[in-house]
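Chemist: Okay, so here is start_39.cif, and as you'll see once you scroll down, it has mmCIF, C-alpha atoms and all ligand atoms.
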```
data_final
loop_
_atom_site.label_atom_id
_atom_site.label_comp_id
_atom_site.auth_asym_id
_atom_site.auth_seq_id
_atom_site.Cartn_x
_atom_site.Cartn_y
_atom_site.Cartn_z
CA MET A 22 134.27 190.19 95.53
CA ALA A 23 133.44 188.68 98.87
CA TYR A 24 130.72 188.82 101.49
CA PRO A 25 128.93 191.11 102.23
CA THR A 26 129.01 192.48 98.65
CA THR A 27 128.60 188.97 97.33
CA ARG A 28 125.55 187.13 98.63
CA LEU A 29 125.06 183.80 96.88
CA ARG A 30 121.59 183.42 98.30
CA ARG A 31 120.36 186.27 96.01
CA LEU A 32 119.94 183.80 93.17
CA ARG A 33 118.04 181.28 95.31
CA GLY A 34 115.24 183.43 96.66
CA THR A 35 112.29 182.22 94.61
CA ALA A 36 111.39 179.29 92.39
CA ALA A 37 111.37 181.63 89.40
CA ILE A 38 114.94 182.78 89.90
CA ARG A 39 116.13 179.25 90.67
CA ASN A 40 114.54 178.12 87.40
CA MET A 41 116.29 180.95 85.60
CA VAL A 42 119.80 180.06 86.73
CA ARG A 43 119.47 176.27 86.79
CA GLU A 44 122.47 174.75 84.97
CA THR A 45 121.27 171.22 84.35
CA VAL A 46 117.80 170.08 83.34
CA ILE A 47 116.79 166.47 82.95
CA THR A 48 114.11 165.54 80.40
CA PRO A 49 112.70 162.23 79.13
CA HIS A 50 114.99 162.65 76.09
CA ASP A 51 117.95 162.01 78.38
CA LEU A 52 116.71 158.56 79.37
CA ILE A 53 117.04 155.05 77.98
CA MET A 54 114.88 152.24 79.42
CA PRO A 55 116.21 148.66 79.65
CA VAL A 56 113.72 145.96 78.61
CA PHE A 57 113.98 142.22 79.29
CA VAL A 58 112.42 139.92 76.72
CA THR A 59 111.91 136.22 77.22
CA CYS A 60 110.75 133.17 75.28
CA GLY A 61 107.32 131.60 75.78
CA THR A 62 103.87 133.21 75.91
CA GLY A 63 101.74 134.91 78.49
CA ILE A 64 104.72 136.02 80.56
CA LYS A 65 104.81 139.33 82.40
CA GLU A 66 106.85 138.49 85.43
CA GLU A 67 108.18 141.05 87.86
CA ILE A 68 111.85 140.68 88.78
CA ALA A 69 111.81 140.16 92.54
CA SER A 70 114.75 142.42 93.34
CA MET A 71 113.72 145.08 90.80
CA PRO A 72 110.16 146.19 91.52
CA GLY A 73 108.51 147.68 88.42
CA VAL A 74 110.82 145.84 86.01
CA TYR A 75 109.46 142.78 84.23
CA HIS A 76 110.31 139.94 81.91
CA PHE A 77 108.00 140.07 78.91
CA SER A 78 107.22 137.38 76.41
CA LEU A 79 106.73 138.85 72.96
CA ASP A 80 102.92 138.53 72.99
CA LEU A 81 102.77 140.84 76.04
CA LEU A 82 105.54 143.22 75.01
CA ASP A 83 103.61 145.76 72.92
CA ALA A 84 101.83 147.45 75.83
CA GLU A 85 105.13 148.07 77.62
CA ILE A 86 106.78 149.54 74.54
CA ASP A 87 103.71 151.68 73.77
CA GLU A 88 103.95 153.08 77.28
CA ILE A 89 107.66 153.85 76.98
CA ALA A 90 107.16 155.59 73.63
CA ALA A 91 104.17 157.57 74.92
CA LEU A 92 106.27 158.87 77.82
CA GLY A 93 108.68 160.44 75.33
CA ILE A 94 111.58 158.12 76.11
CA PRO A 95 113.54 157.93 72.86
CA ALA A 96 115.33 154.60 73.26
CA ILE A 97 115.34 151.18 74.91
CA VAL A 98 118.12 148.66 75.51
CA LEU A 99 117.05 145.10 74.86
CA PHE A 100 118.22 142.17 76.96
CA GLY A 101 117.22 138.65 75.99
CA VAL A 102 116.53 135.65 78.18
CA PRO A 103 116.84 132.74 75.75
CA GLU A 104 115.28 129.26 75.91
CA THR A 105 118.52 127.41 75.29
CA LYS A 106 122.15 127.95 76.20
CA ASP A 107 125.28 126.28 74.86
CA ALA A 108 129.04 126.66 75.01
CA VAL A 109 129.26 129.33 72.29
CA GLY A 110 126.01 131.19 73.00
CA SER A 111 124.31 130.28 69.70
CA SER A 112 120.98 131.69 70.80
CA ALA A 113 122.61 135.14 70.84
CA PHE A 114 123.08 135.20 67.07
CA GLU A 115 120.26 133.08 65.64
CA GLU A 116 118.06 134.86 63.14
CA ASP A 117 115.02 134.02 65.25
CA GLY A 118 116.78 134.63 68.58
CA ILE A 119 114.71 136.35 71.22
CA VAL A 120 116.37 139.77 70.82
CA GLN A 121 116.20 139.57 67.02
CA ARG A 122 112.47 138.72 67.13
CA ALA A 123 111.74 141.40 69.71
CA THR A 124 113.64 143.98 67.64
CA ARG A 125 111.64 143.22 64.50
CA GLN A 126 108.38 143.39 66.43
CA ILE A 127 109.22 146.69 68.13
CA LYS A 128 110.57 148.40 65.02
CA ALA A 129 107.48 147.39 63.01
CA ARG A 130 105.21 149.03 65.61
CA HIS A 131 107.41 151.99 66.63
CA PRO A 132 109.81 152.83 63.80
CA GLU A 133 110.93 156.04 65.55
CA LEU A 134 111.87 154.38 68.87
CA LEU A 135 115.60 153.60 68.99
CA VAL A 136 116.31 149.95 69.71
CA ILE A 137 119.73 149.43 71.27
CA ALA A 138 120.92 145.83 71.28
CA ASP A 139 123.17 144.73 74.13
CA THR A 140 125.84 142.61 72.49
CA CYS A 141 127.14 140.03 74.92
CA LEU A 142 127.11 136.27 75.32
CA CYS A 143 126.70 135.71 79.06
CA GLN A 144 122.93 135.23 78.95
CA TYR A 145 123.37 132.73 76.12
CA THR A 146 126.33 130.59 77.20
CA ASP A 147 125.82 127.61 79.51
CA HIS A 148 128.85 128.69 81.58
CA GLY A 149 127.55 132.26 81.92
CA HIS A 150 130.72 134.01 80.78
CA CYS A 151 130.78 136.78 78.21
CA GLY A 152 133.04 134.94 75.76
CA MET A 153 134.41 131.54 74.76
CA ILE A 154 135.90 129.66 77.63
CA HIS A 155 138.46 126.93 78.07
CA VAL A 156 137.61 125.02 81.22
CA HIS A 157 140.04 123.15 83.42
CA GLU A 158 138.85 120.94 86.21
CA ALA A 159 141.18 119.89 88.97
CA ASN A 160 140.08 118.28 92.26
CA GLY A 161 136.47 119.14 91.50
CA VAL A 162 137.26 122.84 91.12
CA LYS A 163 136.46 124.37 87.77
CA THR A 164 138.50 127.23 86.43
CA GLY A 165 138.18 128.78 83.03
CA ILE A 166 140.09 131.14 80.81
CA VAL A 167 138.04 133.39 78.57
CA ASP A 168 139.67 133.32 75.14
CA ASN A 169 139.66 136.90 73.90
CA ASP A 170 140.25 136.52 70.18
CA GLU A 171 138.09 133.44 69.78
CA SER A 172 135.21 135.30 71.43
CA LEU A 173 135.35 138.21 68.98
CA ALA A 174 134.01 136.18 66.05
CA TYR A 175 130.90 135.19 68.02
CA LEU A 176 130.34 138.74 69.21
CA VAL A 177 130.58 139.99 65.62
CA ARG A 178 128.02 137.40 64.51
CA THR A 179 125.73 138.54 67.33
CA ALA A 180 126.07 142.23 66.46
CA VAL A 181 125.50 141.64 62.75
CA SER A 182 122.40 139.52 63.42
CA GLN A 183 121.05 142.26 65.71
CA ALA A 184 121.63 144.94 63.07
CA ALA A 185 120.03 142.71 60.44
CA ALA A 186 116.95 142.44 62.67
CA GLY A 187 116.75 146.24 62.69
CA ALA A 188 118.64 147.30 65.82
CA ASP A 189 119.46 151.01 65.53
CA ILE A 190 122.50 150.94 67.81
CA ILE A 191 124.85 148.13 68.84
CA ALA A 192 125.99 148.23 72.48
CA PRO A 193 128.70 145.66 73.14
CA SER A 194 129.08 144.94 76.88
CA ASN A 195 131.49 142.01 76.81
CA MET A 196 134.78 143.79 77.65
CA MET A 197 136.96 141.70 75.34
CA ASP A 198 139.97 143.58 73.97
CA GLY A 199 139.40 144.74 70.41
CA PHE A 200 135.64 144.22 70.39
CA VAL A 201 134.88 147.63 68.92
CA HIS A 202 137.33 147.10 66.07
CA ALA A 203 135.99 143.62 65.33
CA ILE A 204 132.33 144.62 65.50
CA ARG A 205 132.86 147.78 63.43
CA ALA A 206 134.58 145.75 60.72
CA GLY A 207 131.86 143.09 60.85
CA LEU A 208 129.03 145.60 60.65
CA ASP A 209 130.68 147.47 57.78
CA GLU A 210 131.29 144.31 55.83
CA ALA A 211 127.64 143.32 56.25
CA GLY A 212 126.47 146.72 54.96
CA PHE A 213 125.64 148.24 58.33
CA GLU A 214 128.21 151.03 58.17
CA SER A 215 125.68 153.56 59.45
CA VAL A 216 124.78 151.62 62.61
CA PRO A 217 126.56 153.28 65.56
CA ILE A 218 128.44 151.47 68.31
CA MET A 219 127.64 152.53 71.88
CA SER A 220 130.60 150.91 73.56
CA TYR A 221 130.52 149.76 77.15
CA SER A 222 134.02 151.24 77.27
CA VAL A 223 134.53 151.44 80.99
CA LYS A 224 132.70 148.56 82.59
CA TYR A 225 133.74 147.64 86.09
CA ALA A 226 133.59 144.20 87.70
CA SER A 227 130.83 145.39 90.00
CA ALA A 228 128.72 143.88 92.75
CA PHE A 229 125.99 146.33 91.70
CA TYR A 230 125.06 143.97 88.81
CA GLY A 231 123.63 141.40 91.26
CA PRO A 232 119.90 141.93 90.56
CA PHE A 233 120.52 142.01 86.79
CA ARG A 234 122.19 138.64 86.88
CA ASP A 235 119.14 137.20 88.64
CA ALA A 236 116.93 138.90 86.09
CA ALA A 237 118.87 137.77 83.04
CA HIS A 238 119.94 134.42 84.47
CA SER A 239 123.47 135.37 83.52
CA ALA A 240 125.57 134.80 86.64
CA PRO A 241 128.82 133.00 85.80
CA GLN A 242 128.52 129.32 86.73
CA PHE A 243 132.05 129.42 88.15
CA GLY A 244 134.67 132.08 88.67
CA ASP A 245 133.94 135.77 88.16
CA ARG A 246 134.36 138.42 85.49
CA LYS A 247 137.47 140.05 86.92
CA THR A 248 139.74 138.95 84.07
CA TYR A 249 137.78 141.05 81.61
CA GLN A 250 135.77 143.67 83.53
CA MET A 251 137.72 146.48 85.18
CA ASP A 252 138.97 146.78 88.74
CA PRO A 253 136.76 149.33 90.58
CA ALA A 254 139.92 150.85 92.06
CA ASN A 255 141.24 152.09 88.70
CA ALA A 256 140.61 155.43 87.06
CA ARG A 257 143.65 155.92 84.82
CA GLU A 258 142.98 152.54 83.24
CA ALA A 259 139.51 153.85 82.31
CA LEU A 260 141.25 156.39 80.07
CA ARG A 261 143.14 153.62 78.31
CA GLU A 262 139.94 151.65 77.78
CA ALA A 263 138.19 154.70 76.36
CA GLU A 264 141.17 155.65 74.17
CA ALA A 265 141.25 152.16 72.71
CA ASP A 266 137.54 152.30 71.87
CA VAL A 267 137.85 155.74 70.29
CA ALA A 268 140.74 154.52 68.15
CA GLU A 269 138.74 151.45 67.12
CA GLY A 270 135.75 153.53 65.97
CA ALA A 271 133.31 153.72 68.87
CA ASP A 272 130.58 156.33 68.45
CA MET A 273 129.68 156.68 72.15
CA LEU A 274 131.47 155.84 75.37
CA MET A 275 129.72 154.27 78.32
CA VAL A 276 130.59 154.22 82.00
CA LYS A 277 129.04 151.47 84.07
CA PRO A 278 127.94 151.44 86.90
CA ALA A 279 127.16 155.12 87.40
CA MET A 280 126.74 156.23 91.01
CA ALA A 281 130.05 155.05 92.41
CA TYR A 282 131.84 156.13 89.20
CA MET A 283 130.83 159.75 88.67
CA ASP A 284 134.48 160.78 88.60
CA ILE A 285 134.96 158.52 85.59
CA ILE A 286 131.94 160.03 83.83
CA ARG A 287 133.40 163.49 84.37
CA THR A 288 136.87 162.48 83.22
CA LEU A 289 135.59 160.90 80.00
CA LYS A 290 133.49 163.98 79.31
CA GLU A 291 136.56 166.21 79.66
CA GLN A 292 139.05 164.00 77.84
CA PHE A 293 137.00 162.91 74.81
CA ASP A 294 134.56 164.56 72.46
CA LEU A 295 132.26 161.54 72.06
CA PRO A 296 128.87 161.42 73.78
CA VAL A 297 129.12 159.88 77.24
CA VAL A 298 126.54 157.34 78.38
CA ALA A 299 125.99 156.52 82.06
CA TYR A 300 124.52 153.12 82.93
CA ASN A 301 122.65 153.40 86.22
CA VAL A 302 122.64 149.66 86.93
CA SER A 303 120.33 147.18 88.60
CA GLY A 304 121.77 147.27 92.12
CA GLU A 305 121.64 151.05 92.15
CA TYR A 306 117.96 150.86 91.22
CA SER A 307 117.20 148.16 93.78
CA MET A 308 118.73 150.17 96.62
CA ILE A 309 116.48 153.14 95.93
CA LYS A 310 113.40 150.94 95.53
CA ALA A 311 114.12 149.07 98.74
CA ALA A 312 114.75 152.18 100.81
CA ALA A 313 111.61 153.79 99.36
CA ARG A 314 109.51 150.74 100.26
CA LEU A 315 110.75 150.96 103.80
CA GLY A 316 109.72 154.59 103.87
CA TRP A 317 113.29 155.69 104.47
CA ILE A 318 113.66 157.98 101.45
CA ASP A 319 111.44 159.95 99.10
CA GLU A 320 111.70 157.86 95.94
CA LYS A 321 110.72 160.55 93.45
CA ALA A 322 112.98 163.25 94.91
CA VAL A 323 115.95 160.92 95.30
CA THR A 324 115.60 159.47 91.81
CA LEU A 325 115.34 162.85 90.08
CA GLU A 326 118.29 164.14 92.12
CA LEU A 327 120.35 161.13 91.11
CA LEU A 328 119.53 161.56 87.41
CA VAL A 329 120.30 165.26 87.37
CA GLY A 330 123.53 164.46 89.23
CA LEU A 331 124.57 162.00 86.55
CA LYS A 332 123.85 164.53 83.83
CA ARG A 333 125.71 167.26 85.74
CA ALA A 334 128.67 164.88 86.09
CA GLY A 335 128.83 164.69 82.29
CA ALA A 336 126.40 162.05 81.06
CA ASP A 337 124.79 162.95 77.73
CA THR A 338 122.31 160.11 78.11
CA ILE A 339 121.44 157.74 80.96
CA ILE A 340 120.42 154.10 80.80
CA THR A 341 118.22 153.62 83.84
CA TYR A 342 115.48 151.33 85.14
CA HIS A 343 113.95 154.50 86.61
CA ALA A 344 113.32 155.85 83.06
CA LYS A 345 109.56 155.26 83.00
CA ASP A 346 108.95 156.57 86.52
CA ALA A 347 111.20 159.57 85.94
CA ALA A 348 109.61 160.44 82.60
CA ARG A 349 106.19 160.28 84.25
CA TRP A 350 107.26 162.54 87.11
CA LEU A 351 108.88 164.99 84.71
CA LYS A 352 105.70 165.16 82.61
CA GLU A 353 103.56 165.72 85.70
CA ALA A 354 105.79 168.60 86.72
CA GLU A 355 105.46 170.34 83.35
C1 LIG A 401 126.01 141.66 80.19
C2 LIG A 401 125.51 142.79 80.98
C3 LIG A 401 125.44 142.94 82.38
C4 LIG A 401 124.77 144.13 82.62
C5 LIG A 401 124.47 144.69 81.38
N1 LIG A 401 124.96 143.86 80.38
C6 LIG A 401 125.81 142.05 83.48
C7 LIG A 401 127.19 141.69 83.76
O1 LIG A 401 128.15 142.14 83.16
O2 LIG A 401 127.30 140.84 84.65
C8 LIG A 401 124.42 144.68 83.97
C9 LIG A 401 123.30 145.61 84.01
C10 LIG A 401 122.76 145.93 85.34
O3 LIG A 401 123.24 145.50 86.41
O4 LIG A 401 121.77 146.68 85.36
N2 LIG A 401 127.38 141.47 80.21
#
```
Take the structure from the file and write it as structure tokens.
Modeler:
Amino acid sequence: MAYPTTRLRRLRGTAAIRNMVRETVITPHDLIMPVFVTCGTGIKEEIASMPGVYHFSLDLLDAEIDEIAALGIPAIVLFGVPETKDAVGSSAFEEDGIVQRATRQIKARHPELLVIADTCLCQYTDHGHCGMIHVHEANGVKTGIVDNDESLAYLVRTAVSQAAAGADIIAPSNMMDGFVHAIRAGLDEAGFESVPIMSYSVKYASAFYGPFRDAAHSAPQFGDRKTYQMDPANAREALREAEADVAEGADMLMVKPAMAYMDIIRTLKEQFDLPVVAYNVSGEYSMIKAAARLGWIDEKAVTLELLVGLKRAGADTIITYHAKDAARWLKEAE
């Protein structure tokens, strides 16, 4: 059938009919809020490039978590800013590490809220890389090779310590080869066989992480992450990354960043039957906040459009710094 028999505008005439035929609906249940926890006391410090996102010391954390839970957001991802850093990232896997302490505190107060632990070393290593590094210095220029297999043992220790502290889900973001296999084996051996792995399967070496690295003090001290994070130009390689993680026992597949990678979200959704997670990263958030502050865009409308777009593209759940704002707007609209 074609025009004039077919008139597509018939189903757009009123709000009621648009509501009836809407294909994708975003709710607070679709959202995961990242939370930055830091050592010390009395700290609630806004991240300059991420308005509305703060570093919290543990004594000031409860109010933030209460607010997230009250908004109906089911999960948070925890990022730690430790007091000390060393070559192997020891503060990532100490029993009283900042993420471990925060996890215990949150789970005691909100047992139903899912705590997802980001498993990586870059915030905890003095060189700022996500794994163990062998440094060479020639003519004052430092270069380093990240040792894949050596890094796995430290990542496993980190994941197990996070699970022991009560983390509900382990989310490894380090992009070493074989990390899902190693962490799955480590968790199982430690008795955490029912803790799922949300794998950062397809993580690109992206400039959109800029504000996060300021926030988490995790920028590499030299070099970049291009030997382990993916080339933004590659889509077929994303399938290989995801296939590897599925074979190694991942429970969920993540695509990160989100906005410039919606084709990858869609492809993973079609090619695999695991839940797909989209990580709407720091730089994506900052762009919207900045444009909104300048009065150039309507923040609420743009944010909700972005989130529904990510879900329509295939995301089953979305990690986003907009989670609290979006949940509030969605509740107001009810
Ligand atoms: C740690 C990690 C990063 C992000 C999440 N986990 C930074 C990076 O890889 O440099 C980025 C999150 C964001 O930009 O919002 N490896």
Chemist: Give as a count of residues only the residues surrounding ligand LIG 401 (chain A) up to a distance of 8 Å, considering only C-alpha atoms and all ligand atoms.
Modeler: 31
Chemist: Do you have the CA of Val74 (chain A)-CA of Phe57 (chain A) distance handy?
Modeler: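 CA of Val74 (chain A) sits 8.3 Å away from CA of Phe57 (chain A).
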Chemist: Quick one: pull the distance between CA of Lys106 (chain A) and CA of Val156 (chain A), Å, one decimal.
Modeler: 16.5 Å
Chemist: Using all atoms listed in the file, which residues sit within 12 Å of Pro253 (chain A) once same-chain residues fewer than 6 positions away are excluded, as an mmCIF file with C-alpha atoms, in the frame of the given file?
Modeler:
```cif
data_model
loop_
_atom_site.group_PDB
_atom_site.id
_atom_site.type_symbol
_atom_site.label_atom_id
_atom_site.label_comp_id
_atom_site.auth_asym_id
_atom_site.auth_seq_id
_atom_site.Cartn_x
_atom_site.Cartn_y
_atom_site.Cartn_z
ATOM 1 C CA VAL A 223 134.530 151.440 80.990
ATOM 2 C CA LYS A 224 132.700 148.560 82.590
ATOM 3 C CA TYR A 225 133.740 147.640 86.090
ATOM 4 C CA ALA A 226 133.590 144.200 87.700
ATOM 5 C CA SER A 227 130.830 145.390 90.000
ATOM 6 C CA ALA A 228 128.720 143.880 92.750
ATOM 7 C CA PHE A 229 125.990 146.330 91.700
ATOM 8 C CA LYS A 247 137.470 140.050 86.920
ATOM 9 C CA ALA A 259 139.510 153.850 82.310
ATOM 10 C CA VAL A 276 130.590 154.220 82.000
ATOM 11 C CA LYS A 277 129.040 151.470 84.070
ATOM 12 C CA PRO A 278 127.940 151.440 86.900
ATOM 13 C CA ALA A 279 127.160 155.120 87.400
ATOM 14 C CA ALA A 281 130.050 155.050 92.410
ATOM 15 C CA TYR A 282 131.840 156.130 89.200
ATOM 16 C CA ASP A 284 134.480 160.780 88.600
ATOM 17 C CA ILE A 285 134.960 158.520 85.590
#
```
Chemist: Residues near Gln126 (chain A), anyone? I mean within 9 Å using only C-alpha atoms, not counting same-chain ones fewer than 5 positions away, as a PDB file with C-alpha atoms, in the coordinates of the input.
Modeler:
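Now in result39.pdb:
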```pdb
ATOM      1  CA  LEU A  79     106.730 138.850  72.960  1.00  0.00           C
ATOM      2  CA  ASP A  83     103.610 145.760  72.920  1.00  0.00           C
ATOM      3  CA  GLN A 121     116.200 139.570  67.020  1.00  0.00           C
ATOM      4  CA  HIS A 131     107.410 151.990  66.630  1.00  0.00           C
TER       5      HIS A 131
END
```
Chemist: How close does each residue of region 197-260 of chain A get to region 293-299 of chain A, giving the shortest atom pair and distance in Å to one decimal for every residue with an atom at most 12 Å away, counting all atoms listed in the file, sorted by chain and residue number, as a tab-separated table?
Modeler:
```
residue	atom	partner	partner_atom	distance
A:Pro217	CA	A:Pro296	CA	11.8
A:Ile218	CA	A:Pro296	CA	11.4
A:Met219	CA	A:Val298	CA	8.2
A:Ser220	CA	A:Val298	CA	9.0
A:Tyr221	CA	A:Val298	CA	8.6
A:Ser222	CA	A:Val298	CA	9.7
A:Val223	CA	A:Ala299	CA	10.0
A:Lys224	CA	A:Ala299	CA	10.4
A:Leu260	CA	A:Phe293	CA	9.4
```
Chemist: Please return, as a VMD selection string, all polymer residues that have at least one atom within 8 Å of the point (111.9, 150.4, 81.1); use only C-alpha atoms and the file's own coordinate frame.
Modeler: chain A and resid 53 to 56 74 85 89 97 341 to 345
Chemist: Let me make sure I understand: among A:Glu158, A:Leu99, A:Ala236, A:Gly187, which one has the smallest atom-to-atom distance to Glu67 (chain A) if we use all atoms listed in the file?
Modeler: A:Ala236
Chemist: Go through region 39-116 of chain A residue by residue and, counting all atoms listed in the file, keep those with an atom at most 12 Å from region 167-172 of chain A; for each kept residue give the shortest atom pair and its distance in Å to one decimal, ordered by chain and increasing number, as JSON lines.
Modeler:
```
{"residue": "A:Ala108", "atom": "CA", "partner": "A:Ser172", "partner_atom": "CA", "distance": 11.2}
{"residue": "A:Val109", "atom": "CA", "partner": "A:Ser172", "partner_atom": "CA", "distance": 8.5}
{"residue": "A:Gly110", "atom": "CA", "partner": "A:Ser172", "partner_atom": "CA", "distance": 10.2}
```
Chemist: Calculated over all atoms listed in the file, which of the candidates A:Val58, A:Ala37, A:Val102, A:Ala91 has the smallest distance to Ala237 (chain A)?
Modeler: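 Among A:Val58, A:Ala37, A:Val102, A:Ala91, it is A:Val102 that comes nearest to Ala237 (chain A).
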Chemist: What's the separation between CA of Asp80 (chain A) and CA of Thr62 (chain A), in Å to one decimal place?
Modeler: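 CA of Thr62 (chain A) lies 6.1 Å from CA of Asp80 (chain A).
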Chemist: Env of Ala348 (chain A): 9 Å cut, atoms = only C-alpha atoms, seq-sep filter 6 positions within chain, self excluded. Answer as a PyMOL selection string.
Modeler: chain A and resi 48-50+52+89+92-94
Chemist: Point out the residue among A:Glu305, A:Arg178, A:Tyr249, A:His148 with the least atom-to-atom distance to Leu327 (chain A), counting all atoms listed in the file.
Modeler: A:Glu305
